[in-house]
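File shown here: start_4.cif, holding mmCIF, C-alpha atoms and all ligand atoms.
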data_entry
loop_
_atom_site.label_atom_id
_atom_site.label_comp_id
_atom_site.auth_asym_id
_atom_site.auth_seq_id
_atom_site.Cartn_x
_atom_site.Cartn_y
_atom_site.Cartn_z
CA MET X 1 -60.67 -3.43 -47.65
CA ALA X 2 -61.70 -7.13 -47.44
CA ILE X 3 -59.18 -9.36 -45.70
CA ASN X 4 -58.38 -12.85 -47.08
CA VAL X 5 -58.49 -14.99 -43.94
CA LEU X 6 -55.63 -17.51 -44.09
CA PRO X 7 -56.51 -21.21 -44.46
CA ASP X 8 -56.81 -23.31 -41.26
CA TYR X 9 -53.46 -25.03 -41.79
CA CYS X 10 -51.56 -21.70 -41.77
CA SER X 11 -49.93 -20.64 -38.55
CA LEU X 12 -47.36 -17.97 -37.84
CA GLY X 13 -44.19 -18.11 -35.75
CA PHE X 14 -41.63 -15.46 -34.79
CA ILE X 15 -38.00 -16.31 -34.09
CA GLY X 16 -37.07 -13.28 -31.97
CA PRO X 17 -39.86 -11.73 -29.85
CA GLY X 18 -38.77 -8.12 -30.38
CA LYS X 19 -40.41 -4.84 -31.29
CA MET X 20 -40.82 -5.53 -35.00
CA ALA X 21 -42.22 -9.03 -34.40
CA GLU X 22 -44.64 -7.53 -31.89
CA SER X 23 -45.73 -4.84 -34.40
CA ILE X 24 -46.48 -7.44 -37.09
CA ALA X 25 -48.19 -9.82 -34.65
CA ARG X 26 -50.37 -7.02 -33.26
CA GLY X 27 -51.33 -5.90 -36.75
CA VAL X 28 -52.14 -9.46 -37.84
CA VAL X 29 -54.39 -10.05 -34.83
CA LYS X 30 -56.07 -6.66 -35.26
CA SER X 31 -56.72 -7.36 -38.96
CA GLY X 32 -58.49 -10.68 -38.33
CA ILE X 33 -56.46 -12.50 -41.02
CA LEU X 34 -55.30 -15.01 -38.39
CA PRO X 35 -56.39 -15.42 -34.75
CA ALA X 36 -53.81 -14.88 -31.99
CA ASN X 37 -53.99 -18.54 -30.96
CA ARG X 38 -52.40 -19.49 -34.33
CA ILE X 39 -49.38 -17.26 -33.67
CA CYS X 40 -46.44 -18.20 -31.45
CA THR X 41 -43.00 -17.10 -30.38
CA ALA X 42 -40.42 -18.19 -27.80
CA SER X 43 -39.57 -15.72 -25.08
CA HIS X 44 -35.78 -16.16 -25.26
CA ARG X 45 -35.37 -15.88 -21.48
CA ASN X 46 -37.12 -12.52 -21.34
CA LYS X 47 -40.26 -12.52 -19.20
CA THR X 48 -41.17 -8.96 -20.20
CA ARG X 49 -41.34 -9.87 -23.88
CA GLU X 50 -43.31 -13.00 -22.97
CA ASP X 51 -45.86 -10.85 -21.10
CA VAL X 52 -46.17 -8.40 -24.01
CA PHE X 53 -47.01 -11.13 -26.54
CA GLN X 54 -49.33 -12.96 -24.14
CA SER X 55 -51.22 -9.72 -23.44
CA PHE X 56 -52.76 -9.92 -26.92
CA GLY X 57 -53.18 -13.69 -27.02
CA VAL X 58 -50.01 -14.95 -28.76
CA ASN X 59 -48.75 -18.36 -27.56
CA ILE X 60 -45.36 -18.56 -25.91
CA VAL X 61 -43.58 -21.85 -26.59
CA GLU X 62 -40.46 -23.38 -25.08
CA ASN X 63 -37.80 -22.49 -27.67
CA ASN X 64 -37.04 -21.59 -31.30
CA LYS X 65 -37.30 -25.21 -32.47
CA GLN X 66 -40.82 -25.39 -31.03
CA VAL X 67 -41.73 -22.19 -32.90
CA VAL X 68 -40.63 -23.86 -36.15
CA LYS X 69 -42.52 -27.05 -35.35
CA ASN X 70 -45.76 -25.18 -34.62
CA SER X 71 -45.71 -22.82 -37.62
CA THR X 72 -46.16 -23.01 -41.39
CA ILE X 73 -44.82 -19.47 -41.90
CA ILE X 74 -41.84 -18.42 -39.78
CA PHE X 75 -40.59 -14.84 -39.45
CA ILE X 76 -36.88 -14.51 -38.69
CA SER X 77 -37.11 -11.40 -36.51
CA VAL X 78 -33.83 -11.34 -34.61
CA LYS X 79 -31.19 -8.62 -35.09
CA PRO X 80 -29.14 -9.03 -38.28
CA GLN X 81 -26.07 -10.05 -36.23
CA ILE X 82 -28.02 -13.03 -34.74
CA VAL X 83 -29.52 -14.33 -38.01
CA LYS X 84 -26.64 -16.70 -38.77
CA LYS X 85 -26.79 -18.22 -35.28
CA VAL X 86 -30.52 -18.99 -35.43
CA LEU X 87 -30.41 -20.34 -38.98
CA VAL X 88 -27.60 -22.71 -38.07
CA GLU X 89 -29.57 -23.76 -34.96
CA LEU X 90 -32.75 -24.40 -36.96
CA LYS X 91 -31.51 -25.63 -40.34
CA ASP X 92 -32.34 -29.32 -39.73
CA ASP X 93 -35.94 -28.52 -38.73
CA LEU X 94 -37.01 -26.26 -41.58
CA ASN X 95 -38.30 -28.93 -44.05
CA ASP X 96 -41.09 -27.38 -46.15
CA LYS X 97 -41.65 -24.29 -43.97
CA ILE X 98 -42.04 -20.84 -45.50
CA LEU X 99 -39.39 -18.53 -44.03
CA VAL X 100 -39.67 -14.74 -43.99
CA SER X 101 -36.61 -12.71 -43.02
CA ILE X 102 -37.14 -9.12 -41.92
CA ALA X 103 -33.48 -8.60 -40.95
CA ALA X 104 -31.96 -5.41 -42.36
CA GLY X 105 -29.14 -5.99 -44.80
CA ILE X 106 -29.20 -9.80 -44.96
CA LYS X 107 -29.48 -10.97 -48.57
CA LEU X 108 -31.62 -13.86 -49.85
CA LYS X 109 -28.50 -15.60 -51.17
CA ASP X 110 -26.94 -15.58 -47.67
CA LEU X 111 -30.19 -16.62 -45.98
CA GLN X 112 -30.43 -19.58 -48.35
CA GLU X 113 -26.78 -20.55 -47.96
CA LEU X 114 -26.76 -20.30 -44.16
CA SER X 115 -29.91 -22.40 -43.77
CA GLY X 116 -29.63 -24.75 -46.74
CA HIS X 117 -33.29 -23.81 -47.34
CA ASP X 118 -34.63 -22.09 -50.45
CA ARG X 119 -38.19 -21.25 -49.39
CA PHE X 120 -37.29 -17.74 -48.21
CA ILE X 121 -39.01 -14.39 -48.68
CA ARG X 122 -37.13 -11.25 -47.70
CA VAL X 123 -39.28 -8.44 -46.32
CA MET X 124 -38.59 -4.92 -45.09
CA PRO X 125 -41.59 -3.91 -42.96
CA ASN X 126 -41.96 -1.03 -40.53
CA THR X 127 -43.43 -0.65 -37.05
CA PRO X 128 -46.74 0.97 -38.15
CA SER X 129 -47.66 -2.67 -38.94
CA ALA X 130 -49.06 -2.63 -35.40
CA VAL X 131 -51.86 -0.25 -36.48
CA GLY X 132 -52.44 -1.58 -40.00
CA GLU X 133 -50.39 1.17 -41.70
CA ALA X 134 -47.13 -0.55 -42.59
CA ALA X 135 -45.13 0.29 -45.70
CA SER X 136 -43.52 -3.05 -46.57
CA VAL X 137 -41.64 -4.52 -49.51
CA MET X 138 -40.84 -8.14 -50.33
CA ALA X 139 -38.53 -10.09 -52.64
CA ARG X 140 -38.96 -13.81 -53.20
CA GLY X 141 -36.33 -16.55 -53.14
CA ASP X 142 -36.06 -19.45 -55.56
CA GLY X 143 -37.99 -22.33 -54.05
CA LEU X 144 -41.40 -20.87 -53.32
CA GLU X 145 -44.74 -21.75 -54.82
CA GLU X 146 -47.08 -18.97 -55.87
CA LYS X 147 -49.43 -19.79 -53.00
CA ASP X 148 -46.59 -19.41 -50.44
CA VAL X 149 -45.85 -15.92 -51.75
CA LYS X 150 -49.56 -15.10 -51.65
CA TYR X 151 -49.86 -16.09 -47.96
CA VAL X 152 -46.98 -13.81 -47.01
CA SER X 153 -48.29 -11.04 -49.23
CA ASP X 154 -51.76 -11.44 -47.65
CA ILE X 155 -50.26 -11.17 -44.14
CA LEU X 156 -48.30 -8.02 -44.98
CA GLY X 157 -51.25 -6.63 -46.93
CA ALA X 158 -53.41 -7.11 -43.84
CA VAL X 159 -51.07 -4.93 -41.75
CA GLY X 160 -50.54 -2.19 -44.34
CA LYS X 161 -49.33 -1.78 -47.91
CA ILE X 162 -46.94 -4.20 -49.60
CA TRP X 163 -44.91 -3.93 -52.82
CA GLU X 164 -42.93 -6.75 -54.45
CA ILE X 165 -39.60 -5.32 -55.65
CA GLU X 166 -36.18 -6.42 -56.85
CA GLU X 167 -33.86 -7.25 -53.98
CA LYS X 168 -31.26 -4.71 -55.15
CA TYR X 169 -33.53 -1.91 -53.86
CA PHE X 170 -33.73 -3.20 -50.28
CA ASP X 171 -31.02 -0.95 -48.82
CA ALA X 172 -32.72 2.17 -50.15
CA VAL X 173 -36.11 0.98 -48.86
CA THR X 174 -34.58 0.27 -45.45
CA GLY X 175 -33.27 3.84 -45.28
CA LEU X 176 -36.65 5.22 -46.32
CA SER X 177 -39.62 3.26 -44.95
CA GLY X 178 -37.84 0.81 -42.61
CA SER X 179 -36.16 3.55 -40.60
CA GLY X 180 -38.47 6.39 -41.65
CA PRO X 181 -40.99 6.17 -38.80
CA ALA X 182 -38.19 7.26 -36.42
CA TYR X 183 -37.52 10.41 -38.48
CA ILE X 184 -41.20 11.30 -38.34
CA TYR X 185 -41.41 10.69 -34.57
CA LEU X 186 -38.52 13.14 -34.18
CA ALA X 187 -40.44 15.64 -36.32
CA ILE X 188 -43.61 15.19 -34.25
CA GLU X 189 -41.71 15.66 -31.01
CA ALA X 190 -39.84 18.71 -32.31
CA MET X 191 -42.99 20.36 -33.72
CA ALA X 192 -44.72 19.79 -30.39
CA ASP X 193 -41.71 21.29 -28.58
CA GLY X 194 -42.03 24.38 -30.77
CA ALA X 195 -45.71 24.67 -29.91
CA VAL X 196 -44.95 24.27 -26.20
CA ALA X 197 -42.41 27.09 -26.55
CA ALA X 198 -45.19 29.12 -28.19
CA GLY X 199 -47.48 28.46 -25.21
CA LEU X 200 -49.49 25.24 -25.83
CA THR X 201 -49.83 22.46 -23.28
CA ARG X 202 -47.70 19.39 -24.03
CA ASP X 203 -50.72 17.16 -24.44
CA LEU X 204 -52.50 19.39 -26.95
CA ALA X 205 -49.23 20.06 -28.80
CA LEU X 206 -48.49 16.33 -29.25
CA ASN X 207 -52.05 15.59 -30.34
CA LEU X 208 -52.04 18.42 -32.89
CA ALA X 209 -48.56 17.54 -34.21
CA SER X 210 -49.47 13.83 -34.61
CA GLN X 211 -52.79 14.58 -36.30
CA THR X 212 -51.09 17.08 -38.62
CA VAL X 213 -48.61 14.41 -39.79
CA LEU X 214 -51.43 11.89 -40.23
CA GLY X 215 -53.52 14.41 -42.18
CA ALA X 216 -50.61 15.48 -44.39
CA ALA X 217 -49.67 11.85 -45.12
CA THR X 218 -53.28 11.06 -45.98
CA MET X 219 -53.37 14.04 -48.36
CA ALA X 220 -50.10 12.88 -49.96
CA THR X 221 -51.47 9.36 -50.51
CA GLN X 222 -55.08 10.23 -51.42
CA SER X 223 -55.30 13.67 -53.08
CA GLY X 224 -53.38 12.76 -56.24
CA LYS X 225 -51.40 16.01 -55.87
CA HIS X 226 -47.60 16.29 -55.80
CA PRO X 227 -46.25 17.19 -52.30
CA GLY X 228 -44.90 20.46 -53.75
CA GLN X 229 -48.42 21.44 -54.80
CA LEU X 230 -49.81 20.43 -51.40
CA LYS X 231 -47.16 22.63 -49.74
CA ASP X 232 -48.09 25.54 -52.01
CA ASP X 233 -51.76 25.08 -51.04
CA VAL X 234 -50.86 25.79 -47.39
CA THR X 235 -48.52 28.69 -48.13
CA SER X 236 -50.31 32.06 -48.39
CA PRO X 237 -48.41 35.08 -49.81
CA ALA X 238 -46.73 36.94 -46.95
CA GLY X 239 -48.40 34.44 -44.61
CA THR X 240 -47.32 32.36 -41.64
CA THR X 241 -46.38 29.13 -43.41
CA ILE X 242 -43.79 30.64 -45.74
CA ALA X 243 -42.10 32.17 -42.69
CA GLY X 244 -41.83 28.67 -41.19
CA VAL X 245 -40.77 27.09 -44.50
CA HIS X 246 -38.05 29.74 -44.86
CA GLU X 247 -36.59 28.71 -41.48
CA LEU X 248 -36.64 25.04 -42.50
CA GLU X 249 -34.88 25.80 -45.78
CA LYS X 250 -32.27 27.96 -44.03
CA GLY X 251 -31.57 25.00 -41.72
CA GLY X 252 -31.16 22.62 -44.68
CA PHE X 253 -34.28 20.60 -43.82
CA ARG X 254 -34.57 18.77 -47.16
CA GLY X 255 -30.86 18.06 -47.44
CA ILE X 256 -30.81 16.73 -43.90
CA LEU X 257 -33.71 14.36 -44.59
CA MET X 258 -32.05 13.17 -47.82
CA ASN X 259 -28.81 12.58 -45.91
CA ALA X 260 -30.67 10.62 -43.22
CA VAL X 261 -32.19 8.24 -45.80
CA CYS X 262 -28.82 7.81 -47.53
CA ALA X 263 -26.98 7.21 -44.23
CA ALA X 264 -29.47 4.53 -43.18
CA ALA X 265 -29.31 2.93 -46.64
CA ASN X 266 -25.51 2.89 -46.40
CA ARG X 267 -25.67 1.27 -42.97
CA SER X 268 -27.99 -1.40 -44.40
CA ARG X 269 -25.41 -1.98 -47.16
CA GLU X 270 -22.67 -2.36 -44.51
CA LEU X 271 -24.73 -4.97 -42.65
CA SER X 272 -24.86 -7.14 -45.77
CA SER X 273 -21.11 -7.28 -46.31
N1 LIG A 301 -37.56 -2.15 -35.34
C1 LIG A 301 -37.87 -1.81 -36.58
O1 LIG A 301 -38.48 -0.75 -36.84
C2 LIG A 301 -37.52 -2.71 -37.72
C3 LIG A 301 -36.73 -3.81 -37.54
N2 LIG A 301 -36.41 -4.63 -38.61
C4 LIG A 301 -35.59 -5.81 -38.41
O2 LIG A 301 -36.26 -6.64 -37.47
C5 LIG A 301 -35.30 -7.38 -36.71
C6 LIG A 301 -35.63 -7.24 -35.24
O3 LIG A 301 -35.52 -5.87 -34.88
P1 LIG A 301 -36.21 -5.34 -33.56
O4 LIG A 301 -37.52 -6.02 -33.37
O5 LIG A 301 -36.14 -3.87 -33.63
O6 LIG A 301 -35.15 -5.86 -32.48
P2 LIG A 301 -35.40 -6.32 -30.96
O7 LIG A 301 -34.08 -6.26 -30.29
O8 LIG A 301 -36.56 -5.59 -30.38
O9 LIG A 301 -35.84 -7.85 -31.15
C7 LIG A 301 -34.96 -8.92 -31.30
C8 LIG A 301 -35.41 -10.01 -30.33
O10 LIG A 301 -34.66 -11.19 -30.58
C9 LIG A 301 -34.40 -11.81 -29.33
N3 LIG A 301 -33.27 -12.73 -29.51
C10 LIG A 301 -31.95 -12.49 -29.39
N4 LIG A 301 -31.25 -13.61 -29.65
C11 LIG A 301 -32.17 -14.58 -29.94
C12 LIG A 301 -32.08 -15.95 -30.28
N5 LIG A 301 -30.89 -16.59 -30.39
N6 LIG A 301 -33.23 -16.62 -30.51
C13 LIG A 301 -34.43 -16.02 -30.41
N7 LIG A 301 -34.57 -14.72 -30.07
C14 LIG A 301 -33.45 -14.01 -29.85
C15 LIG A 301 -34.13 -10.65 -28.41
O11 LIG A 301 -34.26 -11.05 -27.05
C16 LIG A 301 -35.19 -9.66 -28.87
O12 LIG A 301 -36.42 -9.87 -28.15
C17 LIG A 301 -33.94 -6.84 -37.08
O13 LIG A 301 -33.28 -7.76 -37.92
C18 LIG A 301 -34.21 -5.53 -37.80
O14 LIG A 301 -33.27 -5.27 -38.80
C19 LIG A 301 -36.91 -4.40 -39.86
C20 LIG A 301 -37.71 -3.33 -40.09
C21 LIG A 301 -38.04 -2.37 -39.06
O1 LIG A 302 -32.61 0.35 -37.13
C1 LIG A 302 -32.61 -0.75 -37.68
O2 LIG A 302 -31.53 -1.32 -37.94
C2 LIG A 302 -33.91 -1.40 -38.07
C3 LIG A 302 -33.99 -1.71 -39.54
C4 LIG A 302 -34.97 -0.73 -40.11
C5 LIG A 302 -35.54 -0.11 -38.94
N1 LIG A 302 -34.99 -0.51 -37.83
#

Take the structure from the file and write it as structure tokens.
Amino acid sequence: MAINVLPDYCSLGFIGPGKMAESIARGVVKSGILPANRICTASHRNKTREDVFQSFGVNIVENNKQVVKNSTIIFISVKPQIVKKVLVELKDDLNDKILVSIAAGIKLKDLQELSGHDRFIRVMPNTPSAVGEAASVMARGDGLEEKDVKYVSDILGAVGKIWEIEEKYFDAVTGLSGSGPAYIYLAIEAMADGAVAAGLTRDLALNLASQTVLGAATMATQSGKHPGQLKDDVTSPAGTTIAGVHELEKGGFRGILMNAVCAAANRSRELSS
């Protein structure tokens, strides 16, 4: 897919040099939409995080205010509990900047009220941004121009797939795609454990489990078939797969996954109150 390189005056800043900021920054650099030297963050007294960002060319500046000064598009990538503090700290410096909040559970209305700034986009990304395979959604605030929304959409489109949705769906999305990578990592680890129990080396088991998830996800996104049909295609009469599926169903596999998404969505809802 062709990438729209951002105009020269666009630069990207991250308030909060954490794991999600790193994933987006890595994906952006990898995509070529913006060079690393037009991305910055402030280390927030943490040399390890400074080293991580510098290792792929991102500039480390003195403090959050400097991040705002240097950037046209600023990601608020601190934990939800810290969002208020940084917006109050930065509110007098925001001027015409485009702000993107990725904080779980924090509503556009509250972001706008806390900062006195209406050029906000709310995004729920996920960590596969780092490898160009994010599943992200966005909802726009009141004061943005179409071109502002396009820049943010281009950035998130460069690191994966992006959907614009109504803000009321954010909690559900957070429970699904925001948190979802963790559920799948558990599945990969557990499947590999099973294979180790059945005699495979750890290394081969992890490689096969990871590639199986990648292949199944690619089938689900590209084959045009419903996941139920894809499952049936693997499941021979009196074969091996149905024996495994039977165990999963006895353990309540689908109900457990549904509960996990609902629990995470509920937690996102709690964070916004
Ligand atoms: N980790 C994930 O998979 C996802 C995270 N998010 C959201 O992204 C945000 C960040 O999450 P993570 O990256 O996981 O957390 P993290 O804990 O890795 O990153 C937060 C960073 O903010 C820094 N920080 C703390 N106080 C600060 C301040 N006053 N000024 C500047 N930096 C400060 C911390 O030192 C840390 O490096 C959260 O709001 C979370 O809801 C959203 C989607 C997925
Ligand atoms: O666990 C969290 O709160 C964040 C939001 C979505 C994924 N990680």

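When all atoms listed in the file are used to measure the gap to ligand LIG 301 (chain A), the shortest distance among X:Lys168, X:His44, X:Arg38, X:Arg267 belongs to X:His44.
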
Find the residues near Ile162 of chain X: any atom within 10 Å, counting all atoms listed in the file, skip ones fewer than 2 places away on the same chain, and give them as JSON, numbers by chain. {"X": [123, 124, 125, 134, 135, 136, 137, 138, 152, 153, 154, 155, 156, 157, 158, 159, 160, 164, 165]}

Go ahead and write the selection's residues with C-alpha atoms as a compact mmCIF listing (two decimals), in the frame of the given file.
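Final output, saved to part-v4.txt:
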# COMPACT_ATOMS: atom_id res chain seq x y z
CA VAL X 123 -39.28 -8.44 -46.32
CA MET X 124 -38.59 -4.92 -45.09
CA PRO X 125 -41.59 -3.91 -42.96
CA ALA X 134 -47.13 -0.55 -42.59
CA ALA X 135 -45.13 0.29 -45.70
CA SER X 136 -43.52 -3.05 -46.57
CA VAL X 137 -41.64 -4.52 -49.51
CA MET X 138 -40.84 -8.14 -50.33
CA VAL X 152 -46.98 -13.81 -47.01
CA SER X 153 -48.29 -11.04 -49.23
CA ASP X 154 -51.76 -11.44 -47.65
CA ILE X 155 -50.26 -11.17 -44.14
CA LEU X 156 -48.30 -8.02 -44.98
CA GLY X 157 -51.25 -6.63 -46.93
CA ALA X 158 -53.41 -7.11 -43.84
CA VAL X 159 -51.07 -4.93 -41.75
CA GLY X 160 -50.54 -2.19 -44.34
CA GLU X 164 -42.93 -6.75 -54.45
CA ILE X 165 -39.60 -5.32 -55.65

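Comparing the minimum interatomic distances between Val78 of chain X and each of X:Val61, X:Ala21, X:Ala190, X:Leu90, counting all atoms listed in the file, we find that X:Ala21 sits nearest.
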
Contacts to ligand LIG 302 (chain A) at 6 Å cut-off (all atoms listed in the file) as a PyMOL selection string: chain X and resi 104+174+178-179

Write a file of the just-selected residues containing C-alpha atoms, as a short mmCIF file (atom, residue, chain, number, x, y, z; two decimals), in the frame of the given file.
data_model
loop_
_atom_site.label_atom_id
_atom_site.label_comp_id
_atom_site.auth_asym_id
_atom_site.auth_seq_id
_atom_site.Cartn_x
_atom_site.Cartn_y
_atom_site.Cartn_z
CA ALA X 104 -31.96 -5.41 -42.36
CA THR X 174 -34.58 0.27 -45.45
CA GLY X 178 -37.84 0.81 -42.61
CA SER X 179 -36.16 3.55 -40.60
#

Work out how far atom CA of Gly16 of chain X is from atom C13 of ligand LIG 301 (chain A), in Å to one decimal. 4.1 Å

So the first atom is atom CA of Ile188 of chain X and the second is atom CA of Ala209 of chain X; what is the distance between them in Å, to one decimal place? 5.5 Å

Taking all atoms listed in the file into account, which residues have an atom no farther than 8 Å from ligand LIG 301 (chain A)? I'd like them as an NGL selection string. :X and (15-22 or 42-46 or 49 or 63-64 or 76-83 or 85-86 or 101-105 or 123-127 or 174 or 178-179 or 181)

I need the chosen residues saved as a JSON list (two decimals), in the frame of the given file, with C-alpha atoms.
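Result saved to selection-v5.json:
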[["chain", "number", "residue", "atom", "x", "y", "z"],
["X", 15, "ILE", "CA", -38.00, -16.31, -34.09],
["X", 16, "GLY", "CA", -37.07, -13.28, -31.97],
["X", 17, "PRO", "CA", -39.86, -11.73, -29.85],
["X", 18, "GLY", "CA", -38.77, -8.12, -30.38],
["X", 19, "LYS", "CA", -40.41, -4.84, -31.29],
["X", 20, "MET", "CA", -40.82, -5.53, -35.00],
["X", 21, "ALA", "CA", -42.22, -9.03, -34.40],
["X", 22, "GLU", "CA", -44.64, -7.53, -31.89],
["X", 42, "ALA", "CA", -40.42, -18.19, -27.80],
["X", 43, "SER", "CA", -39.57, -15.72, -25.08],
["X", 44, "HIS", "CA", -35.78, -16.16, -25.26],
["X", 45, "ARG", "CA", -35.37, -15.88, -21.48],
["X", 46, "ASN", "CA", -37.12, -12.52, -21.34],
["X", 49, "ARG", "CA", -41.34, -9.87, -23.88],
["X", 63, "ASN", "CA", -37.80, -22.49, -27.67],
["X", 64, "ASN", "CA", -37.04, -21.59, -31.30],
["X", 76, "ILE", "CA", -36.88, -14.51, -38.69],
["X", 77, "SER", "CA", -37.11, -11.40, -36.51],
["X", 78, "VAL", "CA", -33.83, -11.34, -34.61],
["X", 79, "LYS", "CA", -31.19, -8.62, -35.09],
["X", 80, "PRO", "CA", -29.14, -9.03, -38.28],
["X", 81, "GLN", "CA", -26.07, -10.05, -36.23],
["X", 82, "ILE", "CA", -28.02, -13.03, -34.74],
["X", 83, "VAL", "CA", -29.52, -14.33, -38.01],
["X", 85, "LYS", "CA", -26.79, -18.22, -35.28],
["X", 86, "VAL", "CA", -30.52, -18.99, -35.43],
["X", 101, "SER", "CA", -36.61, -12.71, -43.02],
["X", 102, "ILE", "CA", -37.14, -9.12, -41.92],
["X", 103, "ALA", "CA", -33.48, -8.60, -40.95],
["X", 104, "ALA", "CA", -31.96, -5.41, -42.36],
["X", 105, "GLY", "CA", -29.14, -5.99, -44.80],
["X", 123, "VAL", "CA", -39.28, -8.44, -46.32],
["X", 124, "MET", "CA", -38.59, -4.92, -45.09],
["X", 125, "PRO", "CA", -41.59, -3.91, -42.96],
["X", 126, "ASN", "CA", -41.96, -1.03, -40.53],
["X", 127, "THR", "CA", -43.43, -0.65, -37.05],
["X", 174, "THR", "CA", -34.58, 0.27, -45.45],
["X", 178, "GLY", "CA", -37.84, 0.81, -42.61],
["X", 179, "SER", "CA", -36.16, 3.55, -40.60],
["X", 181, "PRO", "CA", -40.99, 6.17, -38.80]]

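The neighbours of segment 3-9 of chain X here are the residues that come within 8 Å of it, using only C-alpha atoms and leaving out any residue fewer than 2 positions away in the same chain; they are Met1, Ser11, Ser31, Gly32, Ile33, Leu34, Thr72, Tyr151, Asp154 and Ala158 of chain X.
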
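If you look at atom CA of Ala139 of chain X and atom CA of Ile256 of chain X, they are 29.2 Å away from each other.
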
Contact residues around His226 of chain X with all atoms listed in the file at 12 Å, ignoring same-chain residues under 6 positions, as a PyMOL selection string: chain X and resi 216-217+219-220+232-233

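Among the candidates X:Gly244, X:Gly252, X:Gly175, X:Gly180, the residue lying nearest to Asn266 of chain X is X:Gly175 (atoms considered: all atoms listed in the file).
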
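For the set X:Val88, X:Ile60, X:Ala265, X:Leu214, the residue with the smallest atom-to-atom gap to Lys47 of chain X is X:Ile60, counting only C-alpha atoms.
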
Dig up all the protein and nucleic acid residues within 9 Å of (-40.6, -23.1, -33.4) in the file frame, using all atoms listed in the file, and format them as a PyMOL selection string. chain X and resi 13-15+40-42+61-71+74+90+93

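Among the candidates X:Val28, X:Ile106, X:Ala238, X:Ile98, the one nearest to Arg269 of chain X when counting all atoms listed in the file is X:Ile106.
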